Every structure is written in C-alpha cells, then in structure tokens.
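Below is model.txt, which holds compact mmCIF, C-alpha atoms.
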```txt
# COMPACT_ATOMS: atom_id res chain seq x y z
CA MET A 20 0.00 0.00 0.00
CA ILE A 21 1.48 3.35 -1.05
CA TRP A 22 -0.56 5.58 1.31
CA SER A 23 -1.51 5.04 4.93
CA LYS A 24 -3.15 7.23 7.57
CA GLY A 25 -2.09 7.47 11.20
CA THR A 26 -1.64 9.94 14.06
CA LEU A 27 1.33 11.81 15.54
CA ASP A 28 1.19 14.16 18.53
CA GLY A 29 -2.61 14.12 18.22
CA TYR A 30 -2.64 15.12 14.53
CA GLU A 31 -3.72 13.07 11.54
CA VAL A 32 -0.73 12.22 9.34
CA TRP A 33 -0.50 10.63 5.90
CA THR A 34 2.50 8.53 4.94
CA GLY A 35 3.42 7.73 1.34
CA ARG A 36 5.93 4.93 0.83
CA THR A 37 7.71 3.18 -2.02
CA ALA A 38 10.75 0.89 -1.98
CA ALA A 39 13.01 3.95 -2.29
CA MET A 40 11.15 6.90 -0.74
CA GLU A 41 8.94 7.82 2.19
CA MET A 42 7.16 11.10 2.92
CA VAL A 43 4.96 12.11 5.86
CA MET A 44 2.45 15.00 5.66
CA VAL A 45 0.23 16.66 8.30
CA PRO A 46 -2.94 18.13 6.71
CA GLU A 47 -4.04 20.10 9.77
CA LEU A 48 -0.69 21.92 9.99
CA GLY A 49 -0.88 23.62 6.60
CA SER A 50 -0.27 20.28 4.84
CA ARG A 51 3.33 20.45 6.05
CA VAL A 52 5.59 17.61 4.95
CA ILE A 53 7.56 16.65 8.06
CA SER A 54 9.67 13.84 6.59
CA LEU A 55 11.19 12.99 3.22
CA ARG A 56 13.42 9.97 3.60
CA ASN A 57 15.54 7.88 1.28
CA ARG A 58 14.62 4.33 2.29
CA ARG A 59 17.63 2.85 0.50
CA THR A 60 20.23 4.93 2.33
CA GLY A 61 18.24 5.90 5.43
CA ARG A 62 18.92 9.62 4.90
CA GLU A 63 16.29 12.07 6.17
CA TRP A 64 16.32 15.12 3.89
CA LEU A 65 14.04 17.49 5.81
CA THR A 66 15.04 19.34 8.96
CA GLN A 67 13.21 17.74 11.86
CA PRO A 68 11.09 19.51 14.50
CA GLY A 69 12.74 20.12 17.83
CA GLY A 70 9.77 18.79 19.81
CA LYS A 71 6.10 17.98 19.43
CA LEU A 72 4.15 19.21 16.44
CA GLU A 73 2.35 22.47 17.18
CA ARG A 74 -0.32 24.41 15.33
CA SER A 75 0.37 28.02 14.29
CA GLU A 76 -2.30 30.69 14.46
CA TYR A 77 -3.55 32.20 11.21
CA ALA A 78 -1.53 35.31 10.25
CA SER A 79 1.12 34.55 12.87
CA SER A 80 4.82 35.09 12.21
CA PHE A 81 6.47 32.26 10.30
CA GLY A 82 9.61 33.03 12.30
CA ASN A 83 7.89 31.62 15.37
CA ARG A 84 7.97 28.19 13.74
CA ASP A 85 10.89 25.88 14.50
CA GLY A 86 12.58 25.94 11.07
CA SER A 87 11.65 22.40 10.11
CA GLY A 88 9.75 20.58 7.38
CA TRP A 89 8.33 21.66 4.04
CA ASP A 90 5.55 24.26 3.81
CA GLU A 91 3.66 25.87 0.94
CA MET A 92 4.14 29.63 0.54
CA PHE A 93 0.97 31.14 -1.02
CA PRO A 94 -0.18 33.72 -2.16
CA THR A 95 2.82 35.78 -0.94
CA ILE A 96 5.95 35.28 1.15
CA ASN A 97 6.54 38.70 2.67
CA PRO A 98 3.46 40.21 4.31
CA CYS A 99 1.86 42.81 2.05
CA ARG A 100 -1.43 44.34 0.96
CA TYR A 101 -3.03 43.11 -2.25
CA PRO A 102 -2.69 46.08 -4.64
CA ALA A 103 -5.50 45.54 -7.16
CA PHE A 104 -9.30 45.65 -7.33
CA PRO A 105 -11.46 44.07 -5.93
CA TRP A 106 -9.22 42.95 -3.03
CA GLU A 107 -7.16 46.12 -2.91
CA GLY A 108 -5.80 46.67 0.58
CA ALA A 109 -6.45 43.10 1.77
CA GLU A 110 -3.69 42.19 4.22
CA LEU A 111 -1.83 39.03 3.26
CA PRO A 112 0.12 37.53 6.18
CA ASP A 113 3.72 36.52 6.64
CA HIS A 114 4.67 33.62 4.33
CA GLY A 115 1.11 33.59 3.01
CA GLU A 116 -2.11 32.07 4.26
CA VAL A 117 -2.02 28.35 3.63
CA TRP A 118 0.89 27.21 5.85
CA SER A 119 -1.05 28.08 9.02
CA ILE A 120 -4.54 26.73 8.25
CA PRO A 121 -5.89 23.16 8.01
CA TRP A 122 -6.17 21.41 4.65
CA GLU A 123 -8.56 18.67 3.60
CA ALA A 124 -6.89 15.40 2.56
CA TYR A 125 -8.05 12.07 1.19
CA CYS A 126 -6.55 9.16 -0.74
CA ALA A 127 -7.87 7.83 -4.06
CA GLN A 128 -6.31 5.78 -6.87
CA GLU A 129 -2.84 5.70 -5.27
CA GLN A 130 -2.81 9.50 -4.99
CA LEU A 131 -3.10 11.79 -1.99
CA HIS A 132 -5.41 14.75 -2.69
CA CYS A 133 -5.21 17.94 -0.61
CA SER A 134 -7.08 21.24 -0.81
CA VAL A 135 -7.52 24.51 1.08
CA GLN A 136 -9.66 27.63 0.71
CA GLY A 137 -8.34 31.18 0.83
CA ILE A 138 -9.26 33.36 3.79
CA ARG A 139 -8.93 36.96 2.56
CA ILE A 140 -9.13 36.20 -1.17
CA PRO A 141 -11.57 33.59 -2.57
CA TYR A 142 -9.28 30.97 -4.13
CA GLN A 143 -8.92 27.22 -3.81
CA LEU A 144 -5.43 25.71 -3.82
CA ARG A 145 -5.22 22.00 -4.58
CA LYS A 146 -2.31 19.59 -4.71
CA THR A 147 -2.06 15.90 -5.52
CA TYR A 148 0.86 13.74 -4.36
CA SER A 149 1.92 10.69 -6.36
CA PHE A 150 5.00 8.55 -7.04
CA PRO A 151 5.69 8.31 -10.79
CA ARG A 152 8.75 6.22 -9.91
CA GLU A 153 9.95 4.55 -6.74
CA ASP A 154 12.64 7.21 -6.31
CA CYS A 155 10.52 10.23 -7.24
CA LEU A 156 7.73 12.21 -5.57
CA ARG A 157 5.46 14.35 -7.75
CA ILE A 158 3.05 17.08 -6.65
CA ASP A 159 0.49 18.45 -9.10
CA TYR A 160 -0.80 21.88 -8.11
CA ALA A 161 -3.90 23.80 -9.19
CA VAL A 162 -5.20 27.21 -8.14
CA HIS A 163 -8.87 27.82 -8.96
CA ASN A 164 -10.24 31.36 -9.02
CA PRO A 165 -14.05 31.29 -8.69
CA SER A 166 -14.39 35.07 -8.79
CA PRO A 167 -15.24 37.25 -11.83
CA PHE A 168 -11.90 39.07 -11.48
CA PRO A 169 -8.31 37.98 -12.27
CA PHE A 170 -6.22 36.93 -9.26
CA SER A 171 -2.43 37.23 -9.05
CA PHE A 172 -0.40 35.05 -6.70
CA LEU A 173 3.10 34.16 -5.65
CA TRP A 174 3.75 30.51 -4.81
CA ALA A 175 7.02 29.01 -3.66
CA ALA A 176 7.97 25.62 -2.30
CA HIS A 177 9.74 25.93 1.07
CA PRO A 178 11.46 22.61 1.86
CA LEU A 179 14.04 23.08 4.62
CA PHE A 180 16.70 20.49 3.86
CA GLN A 181 19.06 18.99 6.40
CA ILE A 182 22.56 19.74 5.18
CA GLU A 183 26.25 19.17 5.82
CA GLU A 184 29.01 21.66 5.07
CA GLY A 185 30.34 21.42 1.52
CA MET A 186 27.27 20.08 -0.23
CA GLU A 187 26.90 21.23 -3.85
CA ILE A 188 24.02 23.42 -5.06
CA ILE A 189 23.61 22.73 -8.78
CA VAL A 190 21.59 24.91 -11.16
CA PRO A 191 21.56 25.23 -14.97
CA GLU A 192 24.95 26.51 -16.12
CA GLU A 193 23.34 29.38 -18.04
CA LEU A 194 22.39 31.03 -14.73
CA ARG A 195 25.08 33.63 -13.94
CA GLU A 196 23.40 36.35 -11.86
CA ILE A 197 21.38 36.70 -8.65
CA ILE A 198 19.21 39.37 -7.06
CA VAL A 199 19.14 39.63 -3.27
CA SER A 200 15.85 39.34 -1.40
CA TYR A 201 17.34 39.12 2.12
CA SER A 202 20.86 39.08 3.51
CA ALA A 203 21.61 38.99 7.23
CA GLN A 204 23.75 41.99 8.23
CA GLY A 205 23.73 42.99 4.55
CA ARG A 206 26.53 40.57 3.67
CA LEU A 207 25.39 40.41 0.02
CA GLY A 208 23.91 43.90 -0.01
CA GLU A 209 20.41 45.26 0.42
CA THR A 210 17.21 43.91 -1.14
CA GLY A 211 17.47 44.28 -4.90
CA ALA A 212 21.28 44.12 -5.02
CA ILE A 213 22.65 42.26 -8.03
CA GLY A 214 25.56 39.82 -7.81
CA LYS A 215 27.28 37.16 -9.85
CA TRP A 216 26.68 33.44 -9.39
CA PRO A 217 28.33 31.64 -7.68
CA LYS A 218 30.77 34.33 -6.43
CA PRO A 219 28.66 37.47 -5.88
CA LEU A 220 31.33 39.79 -4.46
CA GLU A 221 34.71 40.46 -6.10
CA GLU A 222 36.11 41.70 -2.80
CA ARG A 223 34.98 38.49 -1.02
CA PRO A 224 36.20 35.55 -3.15
CA ASP A 225 35.70 33.32 -0.11
CA ILE A 226 31.91 33.60 -0.52
CA ARG A 227 30.78 30.80 -2.85
CA LEU A 228 27.03 30.40 -3.00
CA ASN A 229 27.10 27.00 -4.73
CA ARG A 230 28.48 25.24 -1.64
CA THR A 231 26.76 24.93 1.71
CA GLY A 232 28.56 26.83 4.44
CA ASN A 233 29.53 26.10 8.02
CA PRO A 234 26.85 26.61 10.70
CA LEU A 235 29.29 28.77 12.67
CA GLU A 236 29.64 31.35 9.90
CA ALA A 237 26.33 32.91 10.99
CA SER A 238 25.13 33.92 7.52
CA ALA A 239 21.60 33.78 6.10
CA GLU A 240 20.57 34.75 2.58
CA LYS A 241 17.60 34.54 0.25
CA PHE A 242 18.29 35.27 -3.41
CA TYR A 243 16.67 34.70 -6.79
CA PHE A 244 18.32 34.01 -10.11
CA THR A 245 17.70 36.80 -12.59
CA GLY A 246 16.25 36.33 -16.05
CA GLU A 247 14.26 33.48 -17.50
CA LEU A 248 15.20 29.96 -16.49
CA PRO A 249 16.62 27.81 -19.30
CA ASP A 250 15.33 24.73 -17.49
CA GLY A 251 13.13 24.11 -14.47
CA ARG A 252 15.62 22.15 -12.41
CA ALA A 253 18.02 22.42 -9.50
CA SER A 254 19.62 19.96 -7.11
CA ILE A 255 21.62 19.53 -3.95
CA TYR A 256 24.33 16.88 -3.81
CA ASP A 257 26.45 15.45 -1.00
CA PRO A 258 29.84 14.52 -2.52
CA VAL A 259 30.89 12.65 0.61
CA ALA A 260 27.83 10.37 0.79
CA ARG A 261 27.48 10.46 -3.03
CA GLU A 262 23.77 11.06 -2.93
CA GLY A 263 21.54 13.98 -3.70
CA LEU A 264 18.08 15.31 -4.40
CA GLY A 265 16.87 16.87 -7.64
CA VAL A 266 13.99 19.34 -8.01
CA LEU A 267 12.14 19.50 -11.35
CA PHE A 268 9.36 21.91 -12.39
CA PRO A 269 7.91 23.47 -15.58
CA LYS A 270 9.68 26.77 -16.32
CA GLU A 271 6.69 28.08 -18.28
CA GLN A 272 4.40 28.03 -15.23
CA VAL A 273 7.13 28.40 -12.59
CA PRO A 274 9.64 30.82 -14.14
CA TYR A 275 11.70 31.74 -11.07
CA LEU A 276 14.14 29.95 -8.80
CA SER A 277 15.38 31.09 -5.40
CA ILE A 278 17.67 29.74 -2.70
CA TRP A 279 17.29 30.20 1.06
CA ALA A 280 20.66 29.46 2.65
CA ASN A 281 20.65 29.69 6.44
CA TYR A 282 24.02 28.83 7.94
CA GLY A 283 23.35 29.90 11.51
CA GLY A 284 22.55 33.52 10.64
CA TYR A 285 18.79 33.36 11.24
CA GLN A 286 17.68 32.14 14.67
CA GLY A 287 20.80 29.97 14.81
CA GLN A 288 19.21 27.45 12.43
CA TYR A 289 21.13 25.44 9.84
CA HIS A 290 19.32 24.41 6.68
CA LEU A 291 18.91 25.12 2.97
CA ALA A 292 15.84 25.45 0.74
CA ILE A 293 15.63 25.19 -3.03
CA GLU A 294 12.54 27.23 -3.88
CA PRO A 295 10.92 27.23 -7.32
CA ALA A 296 8.53 30.19 -7.44
CA THR A 297 5.86 31.77 -9.62
CA GLY A 298 6.84 35.36 -8.69
CA LEU A 299 9.91 37.44 -8.03
CA LEU A 300 11.38 38.70 -4.74
CA ASP A 301 8.95 37.36 -2.11
CA ASP A 302 6.50 40.29 -2.04
CA LEU A 303 3.30 39.80 -4.05
CA SER A 304 2.58 43.52 -4.40
CA TYR A 305 6.13 44.15 -5.67
CA ALA A 306 5.93 41.22 -8.09
CA MET A 307 2.62 42.48 -9.47
CA GLY A 308 4.15 45.92 -9.99
CA GLN A 309 7.00 44.32 -11.94
CA SER A 310 4.66 42.03 -13.95
CA ALA A 311 6.72 39.18 -12.51
CA VAL A 312 3.91 37.09 -11.09
CA ALA A 313 1.41 34.37 -11.99
CA GLU A 314 -2.21 35.26 -12.71
CA VAL A 315 -5.36 33.15 -12.69
CA PRO A 316 -8.06 34.52 -15.02
CA ALA A 317 -11.60 35.09 -13.77
CA GLY A 318 -13.25 31.73 -13.26
CA GLY A 319 -10.05 30.00 -14.35
CA THR A 320 -7.46 27.55 -13.02
CA TYR A 321 -3.64 27.75 -13.05
CA THR A 322 -1.72 24.45 -12.89
CA TRP A 323 1.88 23.37 -12.42
CA HIS A 324 3.84 20.53 -10.86
CA LEU A 325 6.96 19.81 -8.83
CA GLU A 326 9.04 16.64 -8.63
CA MET A 327 11.67 15.66 -6.08
CA CYS A 328 13.82 12.69 -7.05
CA TRP A 329 16.90 10.99 -5.68
CA ILE A 330 20.15 11.41 -7.60
```
Could you rewrite the structure in this file as structure tokens?
Amino acid sequence: MIWSKGTLDGYEVWTGRTAAMEMVMVPELGSRVISLRNRRTGREWLTQPGGKLERSEYASSFGNRDGSGWDEMFPTINPCRYPAFPWEGAELPDHGEVWSIPWEAYCAQEQLHCSVQGIRIPYQLRKTYSFPREDCLRIDYAVHNPSPFPFSFLWAAHPLFQIEEGMEIIVPEELREIIVSYSAQGRLGETGAIGKWPKPLEERPDIRLNRTGNPLEASAEKFYFTGELPDGRASIYDPVAREGLGVLFPKEQVPYLSIWANYGGYQGQYHLAIEPATGLLDDLSYAMGQSAVAEVPAGGTYTWHLEMCWI
C-alpha cells in the first residue's frame, strides 16, 4: 500500500511509501511535509522539529515556527497588501495564508489529494501527491479562481533540507546572476542588489554560494536568479555520501528559482531550501508591480507541478 493514515502528537498524518522513498504529511498543519526519507540509504532530507508538532495561528509570524519541514508559501511570502481591485488593501500575512490553516486530505487511486480555501481572497489551492517512480515524488498543483476578477499570486515551495558543510548546489549553467531578497547583516547587499553566481562579491572571493557553508559562519541569505530559467531544475548533492536530491518543475508556469541558505545567521538554524517560485522577490505587491507574477483569469485555473527525485 502506497498511502496510509495514522496519528502523531494528536494530529492526523498521511505517509506515502515506495521501496526507495517515504514522505509524511500533516494536513491540519498547513499540509506540512515533516519527513522525506531515502529508504535505500536511510537519509532524512528534511530538517526535523525540535519537539512535538504544534499548530500556528492564522496570520502569525512564520519566524515563530521551528525551522523544520516543508511548507507551501501562497499567495505571498513577505506580508503585504493586495494592490488591485477588488481585493485592494487586503492584508496578506507573513509567508502567506495556507501554511497556518488546516487542509482537507483524502486518498484515491494511489494518490493523496489535498485542498484549502483562501481566507482573505476567494481561491482554492489543490495539490495531488503521487510517485511516478519509486525514487521520485510528484506534486500536481492547481489554483482555482471562482471570482469574476483575475487573481495574481506568488507561490514558492519551502522545503528546509538537512545539510552538511560542503554540499553542492547545482543549477543550470546558463544562470550567472542573482538578485538579493534578504541578507543577514547585509553581507550580500540590500534587497534588490545584483551579484554574480556563484561568487557574488569580487572583494569576497571566499563567498561561494554553490556550496553549503559552516553553521558557525552565521550567515543567512535569500536570493533569486535573474532572467528566465533555461530549465526548471536544481539539485543539492552530498559529494561525501554520493547522494543527492533533484527538483524539477515546468519553467513556463514556474519561471523563477530562489535559494534560502541559512548557515546559523537566522535564529541559529542550519538548513537550505531550493525554492521554485511563480513570482519574483517574495513580495506579491512588488511582483505584481513588476509584472513578474502568476495570474489566474476570472473563473479559471492555473496548474503546475513539482518533482523531487533521488540522484
């Protein structure tokens, strides 16, 4: 059986399992994935919670979470006000709405189906988990807009990977430039600063963004690659253990890629996230102003998918 239902810390959990992969998801906690494990090597890829699972209040600060697991960021990342009619001025909370509210979940035809309704904007976000191969997890996403007005959104995956120093971050070789969204103590510059990939600062040749750093270096950065993606793919690879994880997505529907690299600089946490995204620079209102955002037409549906596979 691929899918099974159980309980953990009083919450319903769904476990998907093949010969090579296992994932565990908690619908009530924003459909957070709390485990993604390679069953052949035993490696757990997601940062684990420090204690019992706990529910977050709607519109609470994402920073109050424990820096574990894999959440969905939608319809913004930074808190902002929706800038367009008819929801102009609607406050959208930190890291979006859907990570802090319960989702519905059920299993059918070897797939796990999940859905959630918007609070301040009337959308429905759906996702369907499946295993196209034993070593690959696929999520098919759909945003339905039931209103008679177009709806713009920013989605990003937010999987916080457990890492070791010196792991390789691999992106298409055509990508040569980044734009800073956040940099602790301004190490890479202010929001909007442009740098080269993988060495963004000529005066700091020691900073190489394509290798995971040491947790004692106390850095934390979020940056996007500039320009259109040549391919929807990125990966993280451990050269010592000789295993890795690849992320695949359709560049036409998900045209942006960002990296969150936290090496002790934010709340002392140590993890890395590869974040495909439908908008640029974390703030929905900014992305809409730059026409760098996804839009669902009135009464329409916007679809995309994401795959995570062992390499």
Subject >> Length of the CA of Asp225 in chain A to CA of Glu184 in chain A vector [Å] >> reply: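 We find that CA of Asp225 in chain A and CA of Glu184 in chain A lie 14.4 Å from each other.
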Subject >> Pick from A:Arg139, A:Lys241, A:Arg58, A:His114, whichever lies nearest to Ser202 in chain A using all atoms listed in the file >> reply: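 Of all the options, A:Lys241 lies closest to Ser202 in chain A.
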**OP:** Would you be able to write out as a list in words which residues have an atom within 7 Å of (14.7, 17.3, 7.7) in the file's coordinates, counting only C-alpha atoms?
**Re:** Ser54, Glu63, Trp64, Leu65, Thr66, Gln67, Ser87, Gly88, Leu179, Phe180 and Gln181 of chain A
Output C-alpha atoms for every residue in that selection, as a short mmCIF file (atom, residue, chain, number, x, y, z; two decimals), in the frame of the given file.
```cif
data_model
loop_
_atom_site.label_atom_id
_atom_site.label_comp_id
_atom_site.auth_asym_id
_atom_site.auth_seq_id
_atom_site.Cartn_x
_atom_site.Cartn_y
_atom_site.Cartn_z
CA SER A 54 9.67 13.84 6.59
CA GLU A 63 16.29 12.07 6.17
CA TRP A 64 16.32 15.12 3.89
CA LEU A 65 14.04 17.49 5.81
CA THR A 66 15.04 19.34 8.96
CA GLN A 67 13.21 17.74 11.86
CA SER A 87 11.65 22.40 10.11
CA GLY A 88 9.75 20.58 7.38
CA LEU A 179 14.04 23.08 4.62
CA PHE A 180 16.70 20.49 3.86
CA GLN A 181 19.06 18.99 6.40
#
```
**OP:** Excluding Trp323 in chain A and any residue of its chain fewer than 5 positions from it, enumerate the residues within 8 Å of it, using all atoms listed in the file, and give them as a list in words.
**Re:** Asp159, Tyr160, Ala161, Phe268, Pro269, Gln272 and Val273 of chain A
Subject >> One-decimal distance in Å that lies between CA of Gly251 in chain A and CA of Glu116 in chain A >> reply: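 Answer for the CA of Glu116 in chain A to CA of Gly251 in chain A separation: 25.4 Å.
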Between range 63-154 of chain A and range 305-318 of chain A, at 9 Å or less, what are the per-residue closest atom pairs and their distances in Å? Count all atoms listed in the file, order by chain and rising residue number, and return it as JSON lines.
```
{"residue": "A:Cys99", "atom": "CA", "partner": "A:Tyr305", "partner_atom": "CA", "distance": 8.9}
{"residue": "A:Pro102", "atom": "CA", "partner": "A:Met307", "partner_atom": "CA", "distance": 8.0}
{"residue": "A:Ala103", "atom": "CA", "partner": "A:Met307", "partner_atom": "CA", "distance": 9.0}
```
C-alpha atoms of the current selection, written as a short mmCIF file (atom, residue, chain, number, x, y, z; two decimals), in the coordinates of the input:
```cif
data_model
loop_
_atom_site.label_atom_id
_atom_site.label_comp_id
_atom_site.auth_asym_id
_atom_site.auth_seq_id
_atom_site.Cartn_x
_atom_site.Cartn_y
_atom_site.Cartn_z
CA CYS A 99 1.86 42.81 2.05
CA PRO A 102 -2.69 46.08 -4.64
CA ALA A 103 -5.50 45.54 -7.16
#
```
**OP:** Within 7 Å of Ile278 in chain A, counting only C-alpha atoms, which residues show up once you throw out same-chain ones fewer than 4 positions away? Write them as a PyMOL selection string, please.
**Re:** chain A and resi 241-243+292-294
Which centre and which edge lengths, in Å to one decimal, describe the axis-aligned box that holds all listed atoms of range 108-115 of chain A after 6 Å is added on each side, as AutoDock Vina command-line options?
```
--center_x -0.9 --center_y 40.1 --center_z 3.6 --size_x 23.1 --size_y 25.1 --size_z 18.1
```
Original post:
What gap, in Å, lies between CA of Gly284 in chain A and CA of Pro234 in chain A?
Top reply: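 These two atoms are separated by 8.1 Å.
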Original post:
Closest to Arg195 in chain A among A:Pro178, A:Thr245, A:Pro151, A:Glu73, using only C-alpha atoms?
Top reply: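 Looking only at the distances to Arg195 in chain A, the closest residue turns out to be A:Thr245.
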**OP:** Have a look at A:Ile96, A:Leu300, A:Val52, A:Ala39 and name the one nearest to Cys328 in chain A; count all atoms listed in the file.
**Re:** A:Ala39
**OP:** May I have the residues within 12 Å of Thr60 in chain A as a PyMOL selection string, using all atoms listed in the file and disregarding those fewer than 6 positions away in the same chain?
**Re:** chain A and resi 38-41+154+260-263+329-330
Subject >> Shell of 8 Å around Pro94 in chain A, all atoms listed in the file, local chain residues under 2 positions omitted, as a list of chain:residue names >> reply: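 The neighbour list is A:Met92, A:Ile96, A:Leu111, A:Gly115, A:Glu116, A:Phe172, A:Leu173, A:Trp174, A:Leu303.
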Original post:
In terms of the shortest atom-to-atom distance over all atoms listed in the file, which of A:Ser166, A:Asn57, A:Ser50, A:Thr37 is closest to Arg145 in chain A?
Top reply: A:Ser50
**OP:** Skip Gly70 in chain A itself and residues of its chain fewer than 6 positions away, then list as a ChimeraX atom specification all residues within 12 Å of it, counting only C-alpha atoms.
**Re:** /A:27-28,84-87
Original post:
Which residue gives the smallest distance to Arg62 in chain A among A:Pro219, A:Ile182, A:Pro258, A:Gly205, with all atoms listed in the file counted?
Top reply: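 Of A:Pro219, A:Ile182, A:Pro258, A:Gly205, the one nearest Arg62 in chain A, counting all atoms listed in the file, is A:Ile182.
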Original post:
Which one of A:Pro167, A:Gly319, A:Pro224, A:Pro46 sits closest to Glu31 in chain A if you count all atoms listed in the file?
Top reply: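 Nearest candidate to Glu31 in chain A out of A:Pro167, A:Gly319, A:Pro224, A:Pro46: A:Pro46.
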